[in-house]
file my_file.cif (mmCIF, C-alpha atoms and all ligand atoms)
data_upload
loop_
_atom_site.label_atom_id
_atom_site.label_comp_id
_atom_site.auth_asym_id
_atom_site.auth_seq_id
_atom_site.Cartn_x
_atom_site.Cartn_y
_atom_site.Cartn_z
CA MET A 1 40.70 -134.07 115.28
CA LEU A 2 43.80 -134.80 113.17
CA ARG A 3 43.24 -136.79 109.97
CA ILE A 4 46.16 -139.22 109.59
CA THR A 5 46.65 -140.88 106.21
CA GLY A 6 49.36 -142.95 104.51
CA LYS A 7 50.94 -139.70 103.37
CA THR A 8 51.12 -138.02 106.78
CA THR A 9 54.60 -136.87 107.82
CA VAL A 10 55.40 -137.95 111.37
CA ILE A 11 57.39 -135.98 113.93
CA GLY A 12 58.03 -137.26 117.45
CA ILE A 13 59.44 -136.41 120.85
CA PHE A 14 61.81 -138.69 122.78
CA GLY A 15 61.84 -138.33 126.55
CA TYR A 16 61.53 -140.42 129.72
CA PRO A 17 59.01 -139.64 131.02
CA VAL A 18 57.35 -137.76 128.20
CA GLU A 19 53.70 -137.55 129.29
CA HIS A 20 54.11 -134.07 130.79
CA SER A 21 55.37 -132.53 127.52
CA LEU A 22 53.37 -129.67 126.02
CA SER A 23 55.10 -130.08 122.65
CA PRO A 24 52.56 -132.51 121.10
CA LEU A 25 49.75 -130.06 121.83
CA MET A 26 51.74 -127.08 120.54
CA HIS A 27 52.91 -128.73 117.30
CA ASN A 28 49.67 -130.53 116.44
CA THR A 29 47.86 -127.20 116.91
CA ALA A 30 50.35 -125.59 114.51
CA PHE A 31 49.91 -128.33 111.86
CA LYS A 32 46.13 -128.05 112.11
CA HIS A 33 46.25 -124.26 111.97
CA LEU A 34 48.28 -124.35 108.72
CA ASN A 35 46.32 -127.36 107.41
CA ILE A 36 49.50 -129.31 106.63
CA ASP A 37 49.68 -133.10 106.67
CA TYR A 38 51.94 -133.64 109.68
CA CYS A 39 51.40 -135.17 113.10
CA TYR A 40 53.49 -135.10 116.30
CA VAL A 41 53.68 -138.14 118.58
CA PRO A 42 55.21 -138.64 122.07
CA PHE A 43 57.60 -141.61 122.44
CA PRO A 44 58.66 -142.69 125.95
CA VAL A 45 62.23 -143.87 125.22
CA HIS A 46 63.90 -145.82 128.02
CA PRO A 47 67.52 -144.66 128.64
CA ASP A 48 68.78 -148.11 127.53
CA LYS A 49 67.08 -147.71 124.15
CA VAL A 50 68.32 -144.33 122.94
CA GLY A 51 70.46 -145.73 120.09
CA GLU A 52 67.62 -147.93 118.86
CA ALA A 53 65.18 -145.03 119.04
CA VAL A 54 67.47 -142.78 116.97
CA ALA A 55 67.92 -145.58 114.41
CA ALA A 56 64.13 -145.82 114.24
CA ILE A 57 63.96 -142.21 113.01
CA ARG A 58 65.63 -143.48 109.82
CA ALA A 59 63.84 -146.84 109.71
CA LEU A 60 60.38 -145.32 110.16
CA ARG A 61 61.21 -142.28 108.04
CA LEU A 62 60.18 -139.81 110.72
CA ARG A 63 60.86 -136.24 109.56
CA GLY A 64 62.44 -135.52 112.91
CA VAL A 65 62.00 -135.44 116.65
CA ASN A 66 62.38 -133.25 119.67
CA VAL A 67 64.56 -134.66 122.41
CA THR A 68 63.89 -133.91 126.04
CA ILE A 69 65.18 -134.93 129.46
CA PRO A 70 67.08 -137.23 130.01
CA HIS A 71 68.28 -137.83 126.41
CA LYS A 72 69.64 -134.46 125.22
CA GLN A 73 73.27 -135.57 125.53
CA ALA A 74 72.77 -139.30 124.98
CA VAL A 75 71.46 -138.95 121.39
CA ILE A 76 74.58 -137.14 120.14
CA PRO A 77 76.82 -140.18 119.36
CA PHE A 78 74.07 -141.64 117.16
CA LEU A 79 73.69 -138.60 114.88
CA ASP A 80 75.45 -137.89 111.57
CA GLU A 81 76.01 -134.20 112.25
CA ILE A 82 75.35 -131.59 114.91
CA SER A 83 74.97 -127.83 114.59
CA PRO A 84 77.65 -125.51 115.99
CA GLU A 85 75.54 -124.31 118.92
CA ALA A 86 74.51 -127.87 119.86
CA ARG A 87 78.19 -128.87 119.81
CA ILE A 88 79.15 -126.04 122.16
CA ILE A 89 76.18 -126.59 124.48
CA GLY A 90 76.75 -130.35 124.37
CA ALA A 91 73.04 -131.09 124.04
CA VAL A 92 70.51 -131.64 121.26
CA ASN A 93 66.78 -130.94 121.56
CA THR A 94 65.82 -131.22 117.87
CA ILE A 95 66.75 -133.78 115.20
CA VAL A 96 66.01 -133.34 111.50
CA ASN A 97 66.02 -136.33 109.13
CA ARG A 98 67.14 -135.31 105.63
CA ASP A 99 66.94 -138.45 103.47
CA GLY A 100 68.36 -140.61 106.24
CA ALA A 101 71.03 -138.15 107.41
CA LEU A 102 70.27 -137.06 110.97
CA LYS A 103 71.35 -133.61 112.13
CA GLY A 104 70.99 -132.44 115.73
CA TYR A 105 70.25 -128.86 116.76
CA ASN A 106 69.69 -127.05 120.03
CA THR A 107 66.80 -124.59 119.77
CA ASP A 108 66.39 -124.00 123.55
CA GLY A 109 68.81 -121.11 123.87
CA GLN A 110 67.81 -119.79 120.44
CA GLY A 111 64.20 -119.85 121.64
CA PHE A 112 65.14 -117.71 124.63
CA VAL A 113 67.04 -115.21 122.47
CA ARG A 114 64.14 -114.99 119.99
CA SER A 115 61.72 -114.37 122.87
CA LEU A 116 64.07 -111.69 124.22
CA ARG A 117 64.03 -109.96 120.84
CA GLU A 118 60.38 -110.47 119.87
CA ASP A 119 58.61 -110.27 123.24
CA ALA A 120 60.88 -107.92 125.19
CA GLY A 121 62.29 -105.95 122.25
CA MET A 122 65.82 -106.43 123.52
CA ASP A 123 68.91 -107.38 121.51
CA PRO A 124 71.45 -109.21 123.68
CA ALA A 125 74.40 -107.79 121.71
CA GLY A 126 76.69 -105.81 124.00
CA LYS A 127 74.59 -106.58 127.10
CA THR A 128 75.68 -107.86 130.50
CA VAL A 129 73.54 -110.69 131.85
CA ILE A 130 73.19 -112.30 135.27
CA LEU A 131 72.18 -115.97 135.04
CA LEU A 132 70.79 -117.54 138.20
CA GLY A 133 71.25 -121.31 138.07
CA ALA A 134 73.66 -123.57 136.21
CA GLY A 135 71.64 -126.57 135.05
CA GLY A 136 70.86 -127.74 131.53
CA SER A 137 68.77 -124.71 130.60
CA ALA A 138 71.41 -122.24 131.89
CA ARG A 139 73.98 -123.88 129.64
CA GLY A 140 71.80 -123.47 126.55
CA VAL A 141 70.70 -119.93 127.37
CA GLY A 142 74.15 -118.74 128.51
CA VAL A 143 75.91 -120.05 125.41
CA GLN A 144 73.28 -118.68 123.04
CA LEU A 145 73.31 -115.23 124.68
CA ALA A 146 77.09 -115.23 124.30
CA LEU A 147 76.85 -116.32 120.64
CA ALA A 148 74.29 -113.55 120.09
CA GLY A 149 76.90 -111.00 121.19
CA ALA A 150 76.34 -110.55 124.93
CA LYS A 151 79.36 -108.80 126.38
CA LYS A 152 79.47 -110.53 129.74
CA VAL A 153 77.64 -113.37 131.46
CA TYR A 154 77.69 -113.60 135.26
CA LEU A 155 76.86 -117.08 136.56
CA VAL A 156 75.40 -117.53 140.02
CA ASN A 157 74.52 -120.97 141.35
CA ARG A 158 73.89 -122.76 144.64
CA THR A 159 76.53 -125.29 143.54
CA PRO A 160 79.34 -123.08 142.20
CA GLU A 161 81.24 -125.92 140.48
CA LYS A 162 78.44 -126.24 137.92
CA ALA A 163 78.59 -122.50 137.23
CA GLU A 164 82.38 -122.80 136.71
CA GLU A 165 81.79 -125.47 134.04
CA ILE A 166 79.41 -123.25 132.07
CA ALA A 167 81.69 -120.22 132.45
CA LYS A 168 84.51 -122.26 130.90
CA VAL A 169 82.31 -123.38 127.99
CA ILE A 170 81.35 -119.75 127.28
CA ALA A 171 84.89 -118.41 127.63
CA ASP A 172 86.38 -121.19 125.46
CA ASN A 173 83.85 -120.97 122.63
CA THR A 174 82.54 -117.41 122.37
CA LYS A 175 83.79 -113.83 122.53
CA ALA A 176 81.83 -113.09 125.72
CA GLN A 177 83.40 -112.78 129.14
CA ALA A 178 82.08 -115.19 131.77
CA GLU A 179 82.47 -114.87 135.53
CA VAL A 180 81.15 -116.91 138.43
CA LEU A 181 79.80 -114.97 141.41
CA PRO A 182 78.90 -116.17 144.88
CA TRP A 183 75.19 -115.92 145.71
CA THR A 184 75.71 -113.01 148.13
CA LYS A 185 74.24 -109.52 148.49
CA GLU A 186 77.61 -107.82 147.92
CA ALA A 187 78.45 -109.76 144.75
CA LEU A 188 74.99 -109.37 143.25
CA GLU A 189 74.80 -105.65 144.08
CA GLN A 190 78.06 -105.11 142.25
CA ALA A 191 76.96 -107.13 139.21
CA LEU A 192 73.64 -105.27 139.11
CA GLY A 193 75.60 -102.08 138.64
CA THR A 194 76.49 -103.12 135.07
CA ALA A 195 73.83 -105.70 134.13
CA GLN A 196 70.84 -105.06 131.88
CA ILE A 197 69.28 -108.54 132.03
CA ILE A 198 68.70 -111.09 134.83
CA VAL A 199 67.53 -114.59 133.94
CA ASN A 200 66.22 -117.09 136.48
CA THR A 201 67.16 -120.50 135.08
CA THR A 202 66.59 -122.30 138.40
CA SER A 203 63.38 -124.19 139.06
CA ILE A 204 62.52 -121.86 141.98
CA GLY A 205 58.91 -120.65 141.65
CA MET A 206 57.72 -123.56 139.54
CA PHE A 207 54.21 -124.96 140.10
CA PRO A 208 53.08 -125.57 142.85
CA TYR A 209 55.67 -123.40 144.68
CA TYR A 210 54.26 -120.09 143.48
CA ALA A 211 55.43 -118.12 146.49
CA SER A 212 59.13 -119.04 146.16
CA VAL A 213 61.46 -116.46 144.63
CA PRO A 214 65.23 -116.61 144.06
CA PRO A 215 66.95 -115.58 147.30
CA VAL A 216 68.81 -112.29 147.83
CA ILE A 217 68.47 -110.86 144.32
CA THR A 218 64.73 -110.19 144.42
CA ALA A 219 65.21 -107.54 147.11
CA LEU A 220 67.95 -105.85 145.06
CA LEU A 221 65.98 -105.31 141.83
CA ARG A 222 65.64 -101.78 140.49
CA PRO A 223 63.95 -100.16 137.48
CA GLY A 224 65.80 -100.35 134.17
CA ILE A 225 66.62 -104.06 134.39
CA LEU A 226 64.85 -106.72 132.34
CA VAL A 227 63.98 -109.72 134.51
CA ALA A 228 63.33 -113.00 132.71
CA ASP A 229 62.22 -116.32 134.14
CA LEU A 230 62.54 -119.65 132.34
CA VAL A 231 59.79 -121.09 134.49
CA TYR A 232 56.59 -121.05 132.40
CA ASN A 233 54.20 -122.70 134.86
CA PRO A 234 52.92 -120.38 136.24
CA VAL A 235 53.17 -118.05 133.23
CA GLU A 236 53.89 -115.16 135.62
CA THR A 237 56.06 -116.37 138.50
CA GLY A 238 56.43 -114.77 141.92
CA PHE A 239 59.85 -113.52 140.77
CA LEU A 240 58.31 -111.71 137.78
CA THR A 241 55.52 -110.24 139.93
CA ALA A 242 58.09 -108.93 142.43
CA ALA A 243 60.23 -107.57 139.58
CA ALA A 244 57.27 -105.74 138.03
CA GLU A 245 56.45 -104.23 141.43
CA LYS A 246 60.02 -102.88 141.53
CA GLY A 247 59.56 -101.26 138.11
CA CYS A 248 61.47 -103.82 136.04
CA ALA A 249 60.40 -105.04 132.61
CA THR A 250 59.65 -108.79 132.70
CA LEU A 251 59.75 -111.77 130.36
CA SER A 252 57.96 -115.08 130.99
CA GLY A 253 59.45 -118.49 130.18
CA LEU A 254 56.41 -119.14 128.01
CA GLY A 255 58.18 -117.26 125.20
CA MET A 256 61.22 -119.55 125.30
CA LEU A 257 58.97 -122.62 125.29
CA LEU A 258 57.09 -121.23 122.31
CA TYR A 259 60.07 -120.16 120.23
CA GLN A 260 62.22 -123.26 120.83
CA GLY A 261 59.24 -125.10 119.34
CA ALA A 262 58.74 -122.57 116.56
CA ILE A 263 62.39 -122.87 115.46
CA ALA A 264 62.15 -126.68 115.45
CA PHE A 265 58.89 -126.44 113.49
CA GLU A 266 60.61 -124.26 110.89
CA LEU A 267 63.51 -126.75 110.60
CA TRP A 268 61.13 -129.67 109.97
CA THR A 269 58.56 -128.00 107.71
CA GLY A 270 60.52 -125.18 106.03
CA GLN A 271 57.69 -122.76 106.78
CA PRO A 272 57.13 -120.04 109.37
CA ALA A 273 55.52 -121.33 112.55
CA PRO A 274 52.06 -119.96 113.43
CA VAL A 275 53.32 -118.56 116.72
CA THR A 276 50.10 -116.83 117.78
CA ALA A 277 48.08 -120.05 117.56
CA MET A 278 50.86 -121.98 119.31
CA GLN A 279 51.13 -119.42 122.10
CA GLU A 280 47.36 -119.32 122.69
CA VAL A 281 47.09 -123.06 123.11
CA LEU A 282 50.09 -123.19 125.47
CA ARG A 283 48.84 -120.33 127.60
CA GLY A 284 45.29 -121.70 127.76
CA CYS A 285 46.52 -125.13 128.74
CA ILE A 286 48.81 -123.82 131.52
CA GLU A 287 46.44 -121.18 132.89
CA ASN A 288 43.41 -123.46 132.88
CA ARG A 289 45.39 -126.39 134.29
CA ILE A 290 44.14 -128.74 131.60
CA CYS A 291 47.52 -130.26 130.78
P1 LIG B 1 68.28 -128.52 136.06
O1 LIG B 1 69.28 -128.90 135.04
O2 LIG B 1 67.77 -129.55 137.01
O3 LIG B 1 68.90 -127.29 136.90
C1 LIG B 1 68.19 -126.75 138.00
C2 LIG B 1 68.92 -125.52 138.50
O4 LIG B 1 68.10 -124.94 139.54
C3 LIG B 1 70.27 -125.83 139.12
O5 LIG B 1 71.14 -124.76 138.87
C4 LIG B 1 69.93 -125.90 140.62
O6 LIG B 1 71.02 -125.59 141.46
C5 LIG B 1 68.91 -124.80 140.71
N1 LIG B 1 68.01 -124.93 141.86
C6 LIG B 1 67.00 -125.80 142.03
N2 LIG B 1 66.40 -125.61 143.23
C7 LIG B 1 67.10 -124.59 143.83
C8 LIG B 1 66.96 -123.93 145.09
N3 LIG B 1 66.01 -124.28 145.95
N4 LIG B 1 67.82 -122.93 145.37
C9 LIG B 1 68.77 -122.57 144.49
N5 LIG B 1 68.95 -123.18 143.29
C10 LIG B 1 68.11 -124.17 142.96
O7 LIG B 1 66.97 -127.91 135.38
P2 LIG B 1 66.82 -127.14 133.99
O8 LIG B 1 66.53 -128.11 132.93
O9 LIG B 1 67.96 -126.20 133.83
O10 LIG B 1 65.46 -126.33 134.23
C11 LIG B 1 65.39 -125.27 135.17
C12 LIG B 1 64.05 -124.55 135.06
O11 LIG B 1 63.92 -124.00 133.76
C13 LIG B 1 62.83 -125.45 135.26
O12 LIG B 1 61.86 -124.75 136.00
C14 LIG B 1 62.31 -125.71 133.87
O13 LIG B 1 60.91 -125.91 133.82
C15 LIG B 1 62.68 -124.39 133.20
N6 LIG B 1 62.87 -124.56 131.75
C16 LIG B 1 62.10 -123.82 130.94
C17 LIG B 1 62.25 -123.91 129.58
C18 LIG B 1 61.40 -123.08 128.69
O14 LIG B 1 61.26 -123.41 127.51
N7 LIG B 1 60.85 -121.98 129.19
C19 LIG B 1 63.19 -124.81 129.04
C20 LIG B 1 63.99 -125.55 129.92
C21 LIG B 1 63.81 -125.43 131.29
P3 LIG B 1 72.12 -126.71 141.84
O15 LIG B 1 73.03 -126.83 140.65
O16 LIG B 1 72.80 -126.16 143.03
O17 LIG B 1 71.36 -127.99 142.12
#
call {"tool": "encode", "arguments": {"input": "my_file.cif", "output": "structure tokens", "more": "lines below"}}
Ligand code: NAP
result
Amino acid sequence: MLRITGKTTVIGIFGYPVEHSLSPLMHNTAFKHLNIDYCYVPFPVHPDKVGEAVAAIRALRLRGVNVTIPHKQAVIPFLDEISPEARIIGAVNTIVNRDGALKGYNTDGQGFVRSLREDAGMDPAGKTVILLGAGGSARGVGVQLALAGAKKVYLVNRTPEKAEEIAKVIADNTKAQAEVLPWTKEALEQALGTAQIIVNTTSIGMFPYYASVPPVITALLRPGILVADLVYNPVETGFLTAAAEKGCATLSGLGMLLYQGAIAFELWTGQPAPVTAMQEVLRGCIENRIC
């Protein structure tokens, strides 16, 4: 049980809906683990109230908030400053309040890159990556991989226009090459000839659709490729199971969820996040279906 006093520092999360978020559990576990006087509270912010909610960060002297769907773009005009990666991605998932000055960050893609390094032992520098999907998470992950030195990002999406948009953002703002591919056997086979990493950023395989895997590519996997999934529920998706059976190394989306939170935690508190405790509570909650 958290002990809240008049001195407790408050962090929040803005979303709509917000009830499904695992962030309160993850961050309150971290505060308790380190025995620091912080608490983390969910705020369901209606889309018409985003400006008022951001102003309330100053008025209520919150230390900061996370921002989730559908507000990641909408908060930007109300902030004093945004970080370079958030500007390129065009979305903010973390706000820090420094004496009334609000700065927005995007830790989603950074969380993926940290998971890639820490959990899979892979540095994206110089690598060629195939991204499946072109939604909000693909934008964050694609840009951050490019900023981390990836050589080339292939974008593959059911709706190719959305992939073209992300390819342009990467090409205009980073040194990486970006190319859109059709979702066909021929195109993917060719890309697999040079790629080291495949990332599923689509929602295919998400609970309760365990059996679904991204079409075409799953049959083409071969050893030597790292296959990552952003889906974290289930922790091991059907795509990762199939990839492991083909001899690929795999990376669960749980790591991105953990590290995007850990980076935000470090921005708010100035101290290293207790990632083991945070990971255990996330994993337990997802695997035991208690959240
Ligand atoms: P989003 O913006 O709604 O994008 C969804 C993407 O999935 C789009 O590219 C969409 O293609 C594609 N898609 C959906 N169903 C498909 C299907 N049946 N066949 C082919 N493509 C399909 O969602 P998002 O925010 O990027 O999130 C995507 C997934 O990442 C979700 O499962 C989410 O839980 C996960 N995620 C994980 C983390 C983490 O921390 N691990 C963070 C963010 C998101 P179209 O463009 O053609 O519609």
call {"tool": "closest_atom_pairs", "arguments": {"input": "my_file.cif", "of": "chain A", "to": "ligand LIG 1 (chain B)", "cutoff": "6 Å", "atoms": "all atoms listed in the file", "output": "Markdown table"}}
result
| residue | atom | partner | partner_atom | distance |
| --- | --- | --- | --- | --- |
| A:Gly133 | CA | B:LIG1 | O5 | 3.5 |
| A:Ala134 | CA | B:LIG1 | O5 | 3.9 |
| A:Gly135 | CA | B:LIG1 | O1 | 3.3 |
| A:Gly136 | CA | B:LIG1 | O9 | 4.0 |
| A:Ser137 | CA | B:LIG1 | O9 | 3.6 |
| A:Ala138 | CA | B:LIG1 | O9 | 5.6 |
| A:Asn157 | CA | B:LIG1 | O5 | 5.7 |
| A:Arg158 | CA | B:LIG1 | O16 | 3.9 |
| A:Thr159 | CA | B:LIG1 | O16 | 3.9 |
| A:Thr201 | CA | B:LIG1 | O11 | 4.9 |
| A:Thr202 | CA | B:LIG1 | O4 | 3.2 |
| A:Ser203 | CA | B:LIG1 | O12 | 3.5 |
| A:Ile204 | CA | B:LIG1 | N2 | 5.5 |
| A:Met206 | CA | B:LIG1 | O12 | 5.6 |
| A:Leu230 | CA | B:LIG1 | N7 | 4.3 |
| A:Val231 | CA | B:LIG1 | O12 | 4.5 |
| A:Tyr232 | CA | B:LIG1 | N7 | 5.4 |
| A:Gly253 | CA | B:LIG1 | N7 | 3.9 |
| A:Leu254 | CA | B:LIG1 | N7 | 5.4 |
| A:Met256 | CA | B:LIG1 | O14 | 4.4 |
| A:Leu257 | CA | B:LIG1 | O14 | 3.3 |
call {"tool": "closest_atom_pairs", "arguments": {"input": "my_file.cif", "of": "stretch 77-138 of chain A", "to": "stretch 61-73 of chain A", "cutoff": "7 Å", "atoms": "all atoms listed in the file", "output": "JSON lines"}}
result
{"residue": "A:Gly90", "atom": "CA", "partner": "A:Gln73", "partner_atom": "CA", "distance": 6.4}
{"residue": "A:Ala91", "atom": "CA", "partner": "A:Gln73", "partner_atom": "CA", "distance": 4.7}
{"residue": "A:Val92", "atom": "CA", "partner": "A:Lys72", "partner_atom": "CA", "distance": 4.9}
{"residue": "A:Asn93", "atom": "CA", "partner": "A:Val67", "partner_atom": "CA", "distance": 4.4}
{"residue": "A:Thr94", "atom": "CA", "partner": "A:Asn66", "partner_atom": "CA", "distance": 4.4}
{"residue": "A:Ile95", "atom": "CA", "partner": "A:Gly64", "partner_atom": "CA", "distance": 5.2}
{"residue": "A:Val96", "atom": "CA", "partner": "A:Gly64", "partner_atom": "CA", "distance": 4.4}
{"residue": "A:Asn97", "atom": "CA", "partner": "A:Arg63", "partner_atom": "CA", "distance": 5.2}
call {"tool": "residues_around", "arguments": {"input": "my_file.cif", "residues": "A:Val153", "least_positions_apart": "4", "cutoff": "9 Å", "atoms": "all atoms listed in the file", "output": "PyMOL selection string"}}
result
chain A and resi 127-131+142+145-146+167+170+176-180+195
call {"tool": "write_last_selection", "arguments": {"input": "my_file.cif", "atoms": "C-alpha atoms", "output": "PDB file, in the frame of the given file"}}
result
ATOM      1  CA  LYS A 127      74.590-106.580 127.100  1.00  0.00           C
ATOM      2  CA  THR A 128      75.680-107.860 130.500  1.00  0.00           C
ATOM      3  CA  VAL A 129      73.540-110.690 131.850  1.00  0.00           C
ATOM      4  CA  ILE A 130      73.190-112.300 135.270  1.00  0.00           C
ATOM      5  CA  LEU A 131      72.180-115.970 135.040  1.00  0.00           C
ATOM      6  CA  GLY A 142      74.150-118.740 128.510  1.00  0.00           C
ATOM      7  CA  LEU A 145      73.310-115.230 124.680  1.00  0.00           C
ATOM      8  CA  ALA A 146      77.090-115.230 124.300  1.00  0.00           C
ATOM      9  CA  ALA A 167      81.690-120.220 132.450  1.00  0.00           C
ATOM     10  CA  ILE A 170      81.350-119.750 127.280  1.00  0.00           C
ATOM     11  CA  ALA A 176      81.830-113.090 125.720  1.00  0.00           C
ATOM     12  CA  GLN A 177      83.400-112.780 129.140  1.00  0.00           C
ATOM     13  CA  ALA A 178      82.080-115.190 131.770  1.00  0.00           C
ATOM     14  CA  GLU A 179      82.470-114.870 135.530  1.00  0.00           C
ATOM     15  CA  VAL A 180      81.150-116.910 138.430  1.00  0.00           C
ATOM     16  CA  ALA A 195      73.830-105.700 134.130  1.00  0.00           C
TER      17      ALA A 195
END
call {"tool": "closest_residue", "arguments": {"input": "my_file.cif", "among": "A:Pro47, A:Gly205, A:Gly238, A:Gly193", "to": "A:Gly224", "atoms": "all atoms listed in the file"}}
result
A:Gly193
call {"tool": "residues_around", "arguments": {"input": "my_file.cif", "residues": "A:Glu236", "least_positions_apart": "6", "cutoff": "12 Å", "atoms": "all atoms listed in the file", "output": "PyMOL selection string"}}
result
chain A and resi 205-207+210-211+213+227-230+242-244+250-255+283+286-287
